[in-house]
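What follows is query12.cif (mmCIF, C-alpha atoms).
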data_coords
#
loop_
_atom_site.label_atom_id
_atom_site.label_comp_id
_atom_site.auth_asym_id
_atom_site.auth_seq_id
_atom_site.Cartn_x
_atom_site.Cartn_y
_atom_site.Cartn_z
CA MET F 1 -3.08 3.75 -20.97
CA THR F 2 -6.10 6.07 -21.00
CA LYS F 3 -8.15 7.03 -17.96
CA GLU F 4 -11.11 5.11 -19.42
CA GLU F 5 -8.99 1.96 -19.78
CA ILE F 6 -8.00 2.23 -16.13
CA LEU F 7 -11.64 2.53 -15.02
CA ALA F 8 -12.54 -0.50 -17.16
CA LYS F 9 -9.90 -2.55 -15.32
CA LEU F 10 -11.24 -1.78 -11.84
CA PRO F 11 -12.33 -5.02 -10.19
CA TYR F 12 -15.40 -3.68 -8.32
CA GLY F 13 -19.09 -4.40 -8.85
CA LYS F 14 -21.55 -1.58 -9.24
CA SER F 15 -22.58 -1.28 -5.60
CA PHE F 16 -19.00 -1.04 -4.37
CA LEU F 17 -17.45 1.15 -7.05
CA PHE F 18 -16.47 4.56 -5.68
CA VAL F 19 -14.90 6.16 -8.73
CA ASP F 20 -16.98 8.21 -11.20
CA GLU F 21 -14.21 9.78 -13.20
CA LEU F 22 -10.44 10.13 -13.25
CA LEU F 23 -9.33 13.71 -13.78
CA HIS F 24 -5.62 13.10 -13.93
CA ILE F 25 -3.11 10.28 -13.67
CA ASP F 26 0.65 10.06 -14.05
CA GLU F 27 3.59 8.14 -12.56
CA ASN F 28 3.42 10.12 -9.34
CA GLY F 29 -0.26 10.24 -8.49
CA ALA F 30 -3.93 10.18 -9.37
CA LYS F 31 -6.89 12.52 -9.08
CA GLY F 32 -10.52 11.51 -9.41
CA VAL F 33 -14.07 12.29 -8.36
CA PHE F 34 -17.02 10.46 -6.87
CA THR F 35 -20.51 11.57 -5.87
CA TYR F 36 -22.16 9.78 -2.94
CA THR F 37 -25.70 9.60 -4.32
CA GLU F 38 -28.47 9.56 -1.74
CA ASN F 39 -29.62 6.05 -2.62
CA LEU F 40 -26.32 4.33 -1.69
CA PHE F 41 -27.00 1.19 0.32
CA PHE F 42 -25.28 2.14 3.58
CA TYR F 43 -27.18 5.37 4.24
CA GLU F 44 -30.24 3.45 5.36
CA SER F 45 -28.36 2.04 8.38
CA HIS F 46 -25.48 4.45 8.99
CA PHE F 47 -27.03 5.90 10.98
CA LYS F 48 -30.72 5.24 11.71
CA ASN F 49 -32.56 8.36 10.54
CA HIS F 50 -29.24 10.21 10.22
CA PRO F 51 -27.32 9.29 7.05
CA VAL F 52 -23.56 10.00 7.14
CA THR F 53 -20.99 8.40 4.85
CA PRO F 54 -19.12 5.73 6.88
CA ALA F 55 -15.41 6.31 7.45
CA VAL F 56 -14.62 2.92 5.92
CA ILE F 57 -16.37 4.01 2.72
CA LEU F 58 -14.35 7.25 2.66
CA THR F 59 -11.20 5.18 3.13
CA GLU F 60 -12.30 2.79 0.38
CA THR F 61 -13.00 5.70 -1.98
CA MET F 62 -9.54 7.14 -1.39
CA ALA F 63 -8.02 3.69 -1.90
CA GLN F 64 -9.92 3.02 -5.16
CA ILE F 65 -9.04 6.37 -6.73
CA GLY F 66 -5.69 7.05 -5.13
CA LEU F 67 -4.13 3.62 -4.85
CA VAL F 68 -5.88 1.14 -7.15
CA CYS F 69 -6.21 3.40 -10.21
CA LEU F 70 -2.59 4.48 -9.76
CA GLY F 71 -1.49 0.86 -9.31
CA ILE F 72 -3.20 -0.18 -12.55
CA TYR F 73 -1.48 2.72 -14.31
CA LEU F 74 1.93 1.89 -12.84
CA LEU F 75 1.65 -1.73 -13.98
CA LYS F 76 0.58 -0.73 -17.49
CA ASP F 77 3.86 -1.83 -19.03
CA ASN F 78 3.62 -5.28 -17.53
CA ASP F 79 2.59 -7.81 -20.07
CA ILE F 80 -0.59 -8.83 -18.37
CA GLU F 81 -4.05 -8.83 -19.80
CA ASP F 82 -5.47 -10.44 -16.74
CA GLN F 83 -6.99 -9.34 -13.54
CA LEU F 84 -4.99 -7.15 -11.26
CA SER F 85 -5.91 -7.28 -7.63
CA ILE F 86 -4.78 -4.93 -4.93
CA ALA F 87 -4.95 -5.76 -1.27
CA MET F 88 -4.96 -2.81 1.09
CA THR F 89 -2.36 -3.66 3.69
CA SER F 90 -2.38 -0.61 5.93
CA ASN F 91 -3.81 2.85 6.29
CA ALA F 92 -3.70 5.78 8.67
CA ILE F 93 -6.42 8.33 8.00
CA ASP F 94 -7.60 11.47 9.77
CA PHE F 95 -11.29 12.25 9.27
CA LEU F 96 -11.80 15.99 9.53
CA LYS F 97 -15.36 16.60 8.36
CA PRO F 98 -18.48 14.45 7.91
CA VAL F 99 -19.56 13.65 4.35
CA TYR F 100 -23.32 13.67 3.77
CA PRO F 101 -25.48 12.04 1.07
CA GLY F 102 -25.31 13.86 -2.26
CA GLU F 103 -21.81 15.27 -1.76
CA LYS F 104 -19.28 15.20 -4.56
CA VAL F 105 -15.69 14.60 -3.49
CA ILE F 106 -12.30 14.95 -5.14
CA VAL F 107 -9.54 12.51 -4.19
CA THR F 108 -5.88 13.26 -4.84
CA SER F 109 -3.03 10.83 -4.24
CA GLU F 110 0.73 11.25 -4.28
CA LYS F 111 3.01 8.24 -4.57
CA ILE F 112 5.39 7.86 -1.63
CA TYR F 113 7.05 4.74 -3.02
CA PHE F 114 6.37 1.81 -5.31
CA ARG F 115 8.85 -0.96 -4.54
CA PHE F 116 8.62 -4.74 -4.76
CA ASN F 117 4.93 -4.45 -5.74
CA LYS F 118 4.02 -2.45 -2.65
CA LEU F 119 2.47 0.91 -3.40
CA SER F 120 2.32 3.50 -0.66
CA CYS F 121 0.50 6.80 -1.18
CA LYS F 122 -0.38 10.01 0.57
CA VAL F 123 -4.09 10.63 -0.06
CA LYS F 124 -6.56 13.39 0.58
CA MET F 125 -10.26 13.93 -0.07
CA GLU F 126 -11.74 17.39 -0.60
CA ASN F 127 -15.23 18.70 -1.28
CA VAL F 128 -15.99 20.89 -4.31
CA ALA F 129 -15.29 23.98 -2.18
CA GLY F 130 -11.72 22.73 -1.64
CA LYS F 131 -12.16 21.91 2.06
CA VAL F 132 -10.22 18.83 3.16
CA LEU F 133 -12.59 16.10 4.41
CA CYS F 134 -10.05 13.40 5.23
CA LYS F 135 -6.41 12.66 4.57
CA GLY F 136 -3.67 10.19 5.38
CA ASN F 137 -1.59 7.34 4.03
CA ILE F 138 -2.72 4.12 2.36
CA SER F 139 -0.58 1.18 1.26
CA GLY F 140 -1.33 -1.96 -0.67
CA MET F 141 0.23 -4.91 -2.45
CA LEU F 142 -0.40 -5.26 -6.17
CA ILE F 143 -0.98 -8.83 -7.24
CA SER F 144 -1.32 -9.69 -10.90
CA LYS F 145 -2.78 -13.07 -11.65
CA SER F 146 -1.88 -14.69 -14.91
CA ASN F 147 -4.20 -17.15 -16.62
CA GLY F 148 -1.75 -20.02 -16.16
CA MET M 1 30.22 -4.31 10.60
CA ASN M 2 30.46 -7.99 11.49
CA LYS M 3 27.77 -10.63 11.26
CA GLU M 4 26.69 -10.33 14.90
CA GLN M 5 26.30 -6.58 14.58
CA ILE M 6 24.22 -7.02 11.42
CA ILE M 7 21.95 -9.53 13.13
CA GLU M 8 21.58 -7.20 16.11
CA ALA M 9 20.59 -4.33 13.79
CA LEU M 10 18.17 -6.62 11.95
CA LYS M 11 16.54 -7.52 15.24
CA THR M 12 15.77 -3.85 15.93
CA ILE M 13 14.41 -3.35 12.39
CA VAL M 14 12.19 -6.43 12.44
CA GLN M 15 10.75 -5.98 15.93
CA PRO M 16 7.89 -3.55 15.11
CA TYR M 17 6.58 -5.88 12.39
CA SER M 18 6.18 -9.07 14.42
CA GLU M 19 3.98 -10.11 17.33
CA GLU M 20 5.94 -13.31 17.93
CA THR M 21 7.69 -12.21 21.12
CA SER M 22 9.38 -15.51 21.84
CA ALA M 23 10.71 -15.90 18.28
CA LEU M 24 11.86 -12.27 18.37
CA ALA M 25 13.72 -12.84 21.62
CA HIS M 26 15.62 -15.74 20.07
CA ILE M 27 16.46 -14.36 16.65
CA ASP M 28 19.44 -16.12 15.13
CA GLU M 29 20.65 -17.11 11.67
CA ASN M 30 17.97 -19.75 11.34
CA THR M 31 15.03 -17.45 12.00
CA ASP M 32 12.62 -17.34 9.07
CA PHE M 33 10.71 -14.08 8.61
CA ILE M 34 7.52 -15.69 7.37
CA ASN M 35 7.36 -19.00 9.26
CA ASP M 36 8.88 -17.94 12.59
CA LEU M 37 8.11 -14.24 12.81
CA LYS M 38 4.80 -14.42 10.83
CA ILE M 39 5.65 -11.32 8.81
CA ASN M 40 3.47 -10.74 5.74
CA SER M 41 4.68 -9.69 2.31
CA ALA M 42 3.67 -6.03 2.75
CA ASN M 43 5.66 -5.71 5.96
CA LEU M 44 8.55 -7.59 4.41
CA VAL M 45 8.79 -4.76 1.86
CA ASP M 46 8.95 -2.24 4.71
CA ILE M 47 11.69 -4.25 6.39
CA ILE M 48 13.71 -4.23 3.15
CA LEU M 49 13.25 -0.44 2.87
CA ASP M 50 14.37 -0.04 6.50
CA ILE M 51 17.43 -2.21 5.78
CA GLU M 52 18.32 -0.03 2.78
CA GLU M 53 18.15 3.05 4.96
CA LYS M 54 19.99 1.60 7.95
CA PHE M 55 22.88 0.13 5.94
CA ASN M 56 22.86 2.67 3.12
CA ILE M 57 22.61 -0.02 0.45
CA GLU M 58 20.24 -0.71 -2.43
CA ILE M 59 18.34 -3.98 -2.63
CA ASP M 60 17.35 -5.19 -6.10
CA ASN M 61 14.42 -7.51 -6.91
CA ASP M 62 16.56 -10.65 -7.09
CA SER M 63 18.09 -10.02 -3.67
CA MET M 64 14.70 -9.16 -2.21
CA ALA M 65 13.30 -12.49 -3.34
CA LYS M 66 15.99 -14.29 -1.35
CA MET M 67 15.66 -12.28 1.84
CA LEU M 68 13.24 -14.60 3.62
CA ASN M 69 15.36 -15.51 6.61
CA VAL M 70 18.06 -13.97 8.78
CA LYS M 71 20.90 -16.00 7.23
CA ALA M 72 20.21 -15.05 3.62
CA THR M 73 19.46 -11.45 4.58
CA THR M 74 22.69 -11.11 6.54
CA GLU M 75 24.70 -12.53 3.64
CA ILE M 76 23.11 -10.11 1.18
CA ILE M 77 23.75 -7.15 3.48
CA GLU M 78 27.38 -8.26 3.93
CA SER M 79 27.95 -8.56 0.19
CA LYS M 80 26.32 -5.17 -0.56
CA LEU M 81 28.38 -3.52 2.19
CA ALA M 82 31.54 -5.12 0.77
CA ALA M 83 30.63 -3.87 -2.73
CA ASN M 84 30.09 -0.36 -1.35
CA ALA M 85 33.43 -0.44 0.45
CA GLY M 86 35.27 -1.72 -2.64
#
What is this file in structure tokens?
Amino acid sequence: MTKEEILAKLPYGKSFLFVDELLHIDENGAKGVFTYTENLFFYESHFKNHPVTPAVILTETMAQIGLVCLGIYLLKDNDIEDQLSIAMTSNAIDFLKPVYPGEKVIVTSEKIYFRFNKLSCKVKMENVAGKVLCKGNISGMLISKSNG
Amino acid sequence: MNKEQIIEALKTIVQPYSEETSALAHIDENTDFINDLKINSANLVDIILDIEEKFNIEIDNDSMAKMLNVKATTEIIESKLAANAG
């Protein structure tokens, strides 16, 4: 499965897609990038006159690149053409530095385990200078829905 | 390890994943993880992984699918332990 095929299978609409490009993917982890452009919808309100990327969005970005893209890749051999959905079931993240509008980030994930359809990963987000912005663990259940 | 000891160990494993204090206090063979202890599927996976570690056994997909209550779980642990010993 190519990196482009994985992106095409992501279930998010345009305003909630936080993956620009996958740089690398294999059985053990994923690496991808996203740029928080200044016109993203949440900057207007978070905060008033002081735009900072919300922690939930940083978490979501790490989940989309680190967990969901990896999950789609890991299920590639399953005989399903249909929608794959992934429910985040837990996370524990440390937020080390604020992320401002216009910043490009690199997310790297490492698989901890993938058993009984639960995927658990160690994730980290860095800026282009290699400084860690946030890191932690995210887990989710992969649910594939057949057409039946 | 006899059945009572297995159930006692299970009780310790399951505790962090359930908020149902009264059901937890009265765990017995008939306790159902989902209906009585309100454990979701993601936490059920963690419980299975904890069981593997605690008892030094490996749980396959078919066994996992059956491990929805204390009785079935105890039986599976007993049979895996017996297989390990033999």
Residues selected by the PyMOL selection byres ((chain M) within 10 of (chain F)), written as a list in words =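 Listing what the PyMOL selection byres ((chain M) within 10 of (chain F)) selects in the shown file: Asn40, Ser41, Ala42, Asn43, Leu44, Val45, Asp46, Ile48, Leu49, Ile59, Asp60, Asn61, Met64 and Ala65 of chain M.
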File dump, residues just selected, C-alpha atoms, as a PDB file, keeping the file's coordinate frame:
ATOM      1  CA  ASN M  40       3.470 -10.740   5.740  1.00  0.00           C
ATOM      2  CA  SER M  41       4.680  -9.690   2.310  1.00  0.00           C
ATOM      3  CA  ALA M  42       3.670  -6.030   2.750  1.00  0.00           C
ATOM      4  CA  ASN M  43       5.660  -5.710   5.960  1.00  0.00           C
ATOM      5  CA  LEU M  44       8.550  -7.590   4.410  1.00  0.00           C
ATOM      6  CA  VAL M  45       8.790  -4.760   1.860  1.00  0.00           C
ATOM      7  CA  ASP M  46       8.950  -2.240   4.710  1.00  0.00           C
ATOM      8  CA  ILE M  48      13.710  -4.230   3.150  1.00  0.00           C
ATOM      9  CA  LEU M  49      13.250  -0.440   2.870  1.00  0.00           C
ATOM     10  CA  ILE M  59      18.340  -3.980  -2.630  1.00  0.00           C
ATOM     11  CA  ASP M  60      17.350  -5.190  -6.100  1.00  0.00           C
ATOM     12  CA  ASN M  61      14.420  -7.510  -6.910  1.00  0.00           C
ATOM     13  CA  MET M  64      14.700  -9.160  -2.210  1.00  0.00           C
ATOM     14  CA  ALA M  65      13.300 -12.490  -3.340  1.00  0.00           C
TER      15      ALA M  65
END
request  = Please evaluate the PyMOL selection byres ((chain F and resi 63-70) around 9) against the displayed coordinates and give the resulting residues as a ChimeraX atom specification.
outcome  = /F:3,6-7,9-10,17-19,21-22,25-34,58-62,71-75,85-86,88,107-111,119-124,138-140,142
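With all atoms listed in the file as the atoms that count, the minimum distance from His50 in chain F to the choices F:Tyr100, F:Phe95, F:Phe114, F:Phe16 is reached by F:Tyr100.
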Within 8 Å of Glu19 in chain M, counting all atoms listed in the file, which residues show up once you throw out same-chain ones fewer than 2 positions away? Write them as an mmCIF file with C-alpha atoms, in the frame of the given file, please.
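File written: selection.cif
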data_model
loop_
_atom_site.group_PDB
_atom_site.id
_atom_site.type_symbol
_atom_site.label_atom_id
_atom_site.label_comp_id
_atom_site.auth_asym_id
_atom_site.auth_seq_id
_atom_site.Cartn_x
_atom_site.Cartn_y
_atom_site.Cartn_z
ATOM 1 C CA PRO M 16 7.890 -3.550 15.110
ATOM 2 C CA TYR M 17 6.580 -5.880 12.390
ATOM 3 C CA THR M 21 7.690 -12.210 21.120
ATOM 4 C CA LEU M 37 8.110 -14.240 12.810
ATOM 5 C CA LYS M 38 4.800 -14.420 10.830
#
Nearest to Lys97 in chain F by atom-to-atom distance, counting all atoms listed in the file, from F:Met1, F:Leu133, F:Leu84, F:Met125 =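 Between F:Met1, F:Leu133, F:Leu84, F:Met125, the residue approaching Lys97 in chain F most closely is F:Leu133.
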request  = Could you jot down the CA of Gly130 in chain F to CA of Asn49 in chain F separation for me, Å, one decimal place?
outcome  =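 So the answer is 28.1 Å.
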Please expand the PyMOL selection byres ((chain M and resi 30) around 8) into the concrete residues it hits in this file, giving the result as a compact mmCIF listing (two decimals) with C-alpha atoms, in the coordinates of the input.
# COMPACT_ATOMS: atom_id res chain seq x y z
CA ILE M 27 16.46 -14.36 16.65
CA ASP M 28 19.44 -16.12 15.13
CA GLU M 29 20.65 -17.11 11.67
CA THR M 31 15.03 -17.45 12.00
CA ASP M 32 12.62 -17.34 9.07
CA ASN M 69 15.36 -15.51 6.61
CA VAL M 70 18.06 -13.97 8.78
CA LYS M 71 20.90 -16.00 7.23
query = Expressed in Å to a single decimal, how great is the separation between CA of Ala72 in chain M and CA of Ile143 in chain F?
reply =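 Distance reported for this atom pair: 24.6 Å.
Coordinates place CA of Asn35 in chain M at a distance of 21.0 Å from CA of Ile77 in chain M.
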task = May I ask which of the residues M:Ile7, M:Ile34, M:Met1, M:Ile13 is the closest one to Thr73 in chain M, counting all atoms listed in the file?
result = M:Ile7
task = Extract, using all atoms listed in the file, all DNA, RNA and protein residues at most 9 Å from Ala92 in chain F, discarding same-chain residues fewer than 6 positions from it, and format them as a list in words.
result = Lys135, Gly136, Asn137 and Ile138 of chain F
Output requested as an mmCIF file, in the coordinates of the input - range 44-75 of chain M, filled out with N, CA and C atoms.
data_model
loop_
_atom_site.group_PDB
_atom_site.id
_atom_site.type_symbol
_atom_site.label_atom_id
_atom_site.label_comp_id
_atom_site.auth_asym_id
_atom_site.auth_seq_id
_atom_site.Cartn_x
_atom_site.Cartn_y
_atom_site.Cartn_z
ATOM 1 N N LEU M 44 7.228 -7.188 4.864
ATOM 2 C CA LEU M 44 8.550 -7.590 4.410
ATOM 3 C C LEU M 44 9.153 -6.486 3.520
ATOM 4 N N VAL M 45 8.310 -5.874 2.696
ATOM 5 C CA VAL M 45 8.790 -4.760 1.860
ATOM 6 C C VAL M 45 9.283 -3.618 2.754
ATOM 7 N N ASP M 46 8.529 -3.315 3.812
ATOM 8 C CA ASP M 46 8.950 -2.240 4.710
ATOM 9 C C ASP M 46 10.268 -2.561 5.403
ATOM 10 N N ILE M 47 10.430 -3.830 5.765
ATOM 11 C CA ILE M 47 11.690 -4.250 6.390
ATOM 12 C C ILE M 47 12.855 -4.042 5.423
ATOM 13 N N ILE M 48 12.651 -4.415 4.161
ATOM 14 C CA ILE M 48 13.710 -4.230 3.150
ATOM 15 C C ILE M 48 14.043 -2.737 3.008
ATOM 16 N N LEU M 49 13.014 -1.893 2.995
ATOM 17 C CA LEU M 49 13.250 -0.440 2.870
ATOM 18 C C LEU M 49 14.005 0.082 4.090
ATOM 19 N N ASP M 50 13.655 -0.434 5.279
ATOM 20 C CA ASP M 50 14.370 -0.040 6.500
ATOM 21 C C ASP M 50 15.832 -0.493 6.448
ATOM 22 N N ILE M 51 16.053 -1.692 5.909
ATOM 23 C CA ILE M 51 17.430 -2.210 5.780
ATOM 24 C C ILE M 51 18.239 -1.311 4.841
ATOM 25 N N GLU M 52 17.624 -0.919 3.727
ATOM 26 C CA GLU M 52 18.320 -0.030 2.780
ATOM 27 C C GLU M 52 18.769 1.244 3.469
ATOM 28 N N GLU M 53 17.852 1.794 4.294
ATOM 29 C CA GLU M 53 18.150 3.050 4.960
ATOM 30 C C GLU M 53 19.242 2.881 6.021
ATOM 31 N N LYS M 54 19.059 1.839 6.835
ATOM 32 C CA LYS M 54 19.990 1.600 7.950
ATOM 33 C C LYS M 54 21.416 1.350 7.451
ATOM 34 N N PHE M 55 21.545 0.522 6.397
ATOM 35 C CA PHE M 55 22.880 0.130 5.940
ATOM 36 C C PHE M 55 23.368 0.941 4.743
ATOM 37 N N ASN M 56 22.513 1.850 4.274
ATOM 38 C CA ASN M 56 22.860 2.670 3.120
ATOM 39 C C ASN M 56 23.241 1.823 1.895
ATOM 40 N N ILE M 57 22.381 0.856 1.605
ATOM 41 C CA ILE M 57 22.610 -0.020 0.450
ATOM 42 C C ILE M 57 21.336 -0.056 -0.381
ATOM 43 N N GLU M 58 21.431 -0.567 -1.605
ATOM 44 C CA GLU M 58 20.240 -0.710 -2.430
ATOM 45 C C GLU M 58 19.958 -2.187 -2.691
ATOM 46 N N ILE M 59 18.721 -2.578 -2.449
ATOM 47 C CA ILE M 59 18.340 -3.980 -2.630
ATOM 48 C C ILE M 59 17.569 -4.111 -3.946
ATOM 49 N N ASP M 60 18.052 -4.990 -4.835
ATOM 50 C CA ASP M 60 17.350 -5.190 -6.100
ATOM 51 C C ASP M 60 16.313 -6.315 -5.946
ATOM 52 N N ASN M 61 15.499 -6.506 -6.973
ATOM 53 C CA ASN M 61 14.420 -7.510 -6.910
ATOM 54 C C ASN M 61 14.914 -8.926 -6.638
ATOM 55 N N ASP M 62 16.045 -9.290 -7.279
ATOM 56 C CA ASP M 62 16.560 -10.650 -7.090
ATOM 57 C C ASP M 62 16.988 -10.883 -5.646
ATOM 58 N N SER M 63 17.662 -9.884 -5.072
ATOM 59 C CA SER M 63 18.090 -10.020 -3.670
ATOM 60 C C SER M 63 16.879 -10.085 -2.757
ATOM 61 N N MET M 64 15.917 -9.199 -3.025
ATOM 62 C CA MET M 64 14.700 -9.160 -2.210
ATOM 63 C C MET M 64 14.025 -10.529 -2.145
ATOM 64 N N ALA M 65 13.966 -11.196 -3.276
ATOM 65 C CA ALA M 65 13.300 -12.490 -3.340
ATOM 66 C C ALA M 65 13.963 -13.525 -2.439
ATOM 67 N N LYS M 66 15.258 -13.318 -2.185
ATOM 68 C CA LYS M 66 15.990 -14.290 -1.350
ATOM 69 C C LYS M 66 15.935 -13.955 0.130
ATOM 70 N N MET M 67 15.538 -12.742 0.448
ATOM 71 C CA MET M 67 15.660 -12.280 1.840
ATOM 72 C C MET M 67 14.493 -12.741 2.712
ATOM 73 N N LEU M 68 14.372 -14.046 2.884
ATOM 74 C CA LEU M 68 13.240 -14.600 3.620
ATOM 75 C C LEU M 68 13.636 -15.077 5.007
ATOM 76 N N ASN M 69 14.925 -15.125 5.267
ATOM 77 C CA ASN M 69 15.360 -15.510 6.610
ATOM 78 C C ASN M 69 16.602 -14.697 6.996
ATOM 79 N N VAL M 70 16.966 -14.793 8.249
ATOM 80 C CA VAL M 70 18.060 -13.970 8.780
ATOM 81 C C VAL M 70 19.389 -14.302 8.084
ATOM 82 N N LYS M 71 19.621 -15.591 7.834
ATOM 83 C CA LYS M 71 20.900 -16.000 7.230
ATOM 84 C C LYS M 71 21.083 -15.365 5.853
ATOM 85 N N ALA M 72 20.105 -15.576 4.980
ATOM 86 C CA ALA M 72 20.210 -15.050 3.620
ATOM 87 C C ALA M 72 20.282 -13.519 3.630
ATOM 88 N N THR M 73 19.490 -12.910 4.509
ATOM 89 C CA THR M 73 19.460 -11.450 4.580
ATOM 90 C C THR M 73 20.809 -10.900 5.024
ATOM 91 N N THR M 74 21.385 -11.548 6.039
ATOM 92 C CA THR M 74 22.690 -11.110 6.540
ATOM 93 C C THR M 74 23.751 -11.231 5.444
ATOM 94 N N GLU M 75 23.706 -12.332 4.702
ATOM 95 C CA GLU M 75 24.700 -12.530 3.640
ATOM 96 C C GLU M 75 24.561 -11.457 2.554
#
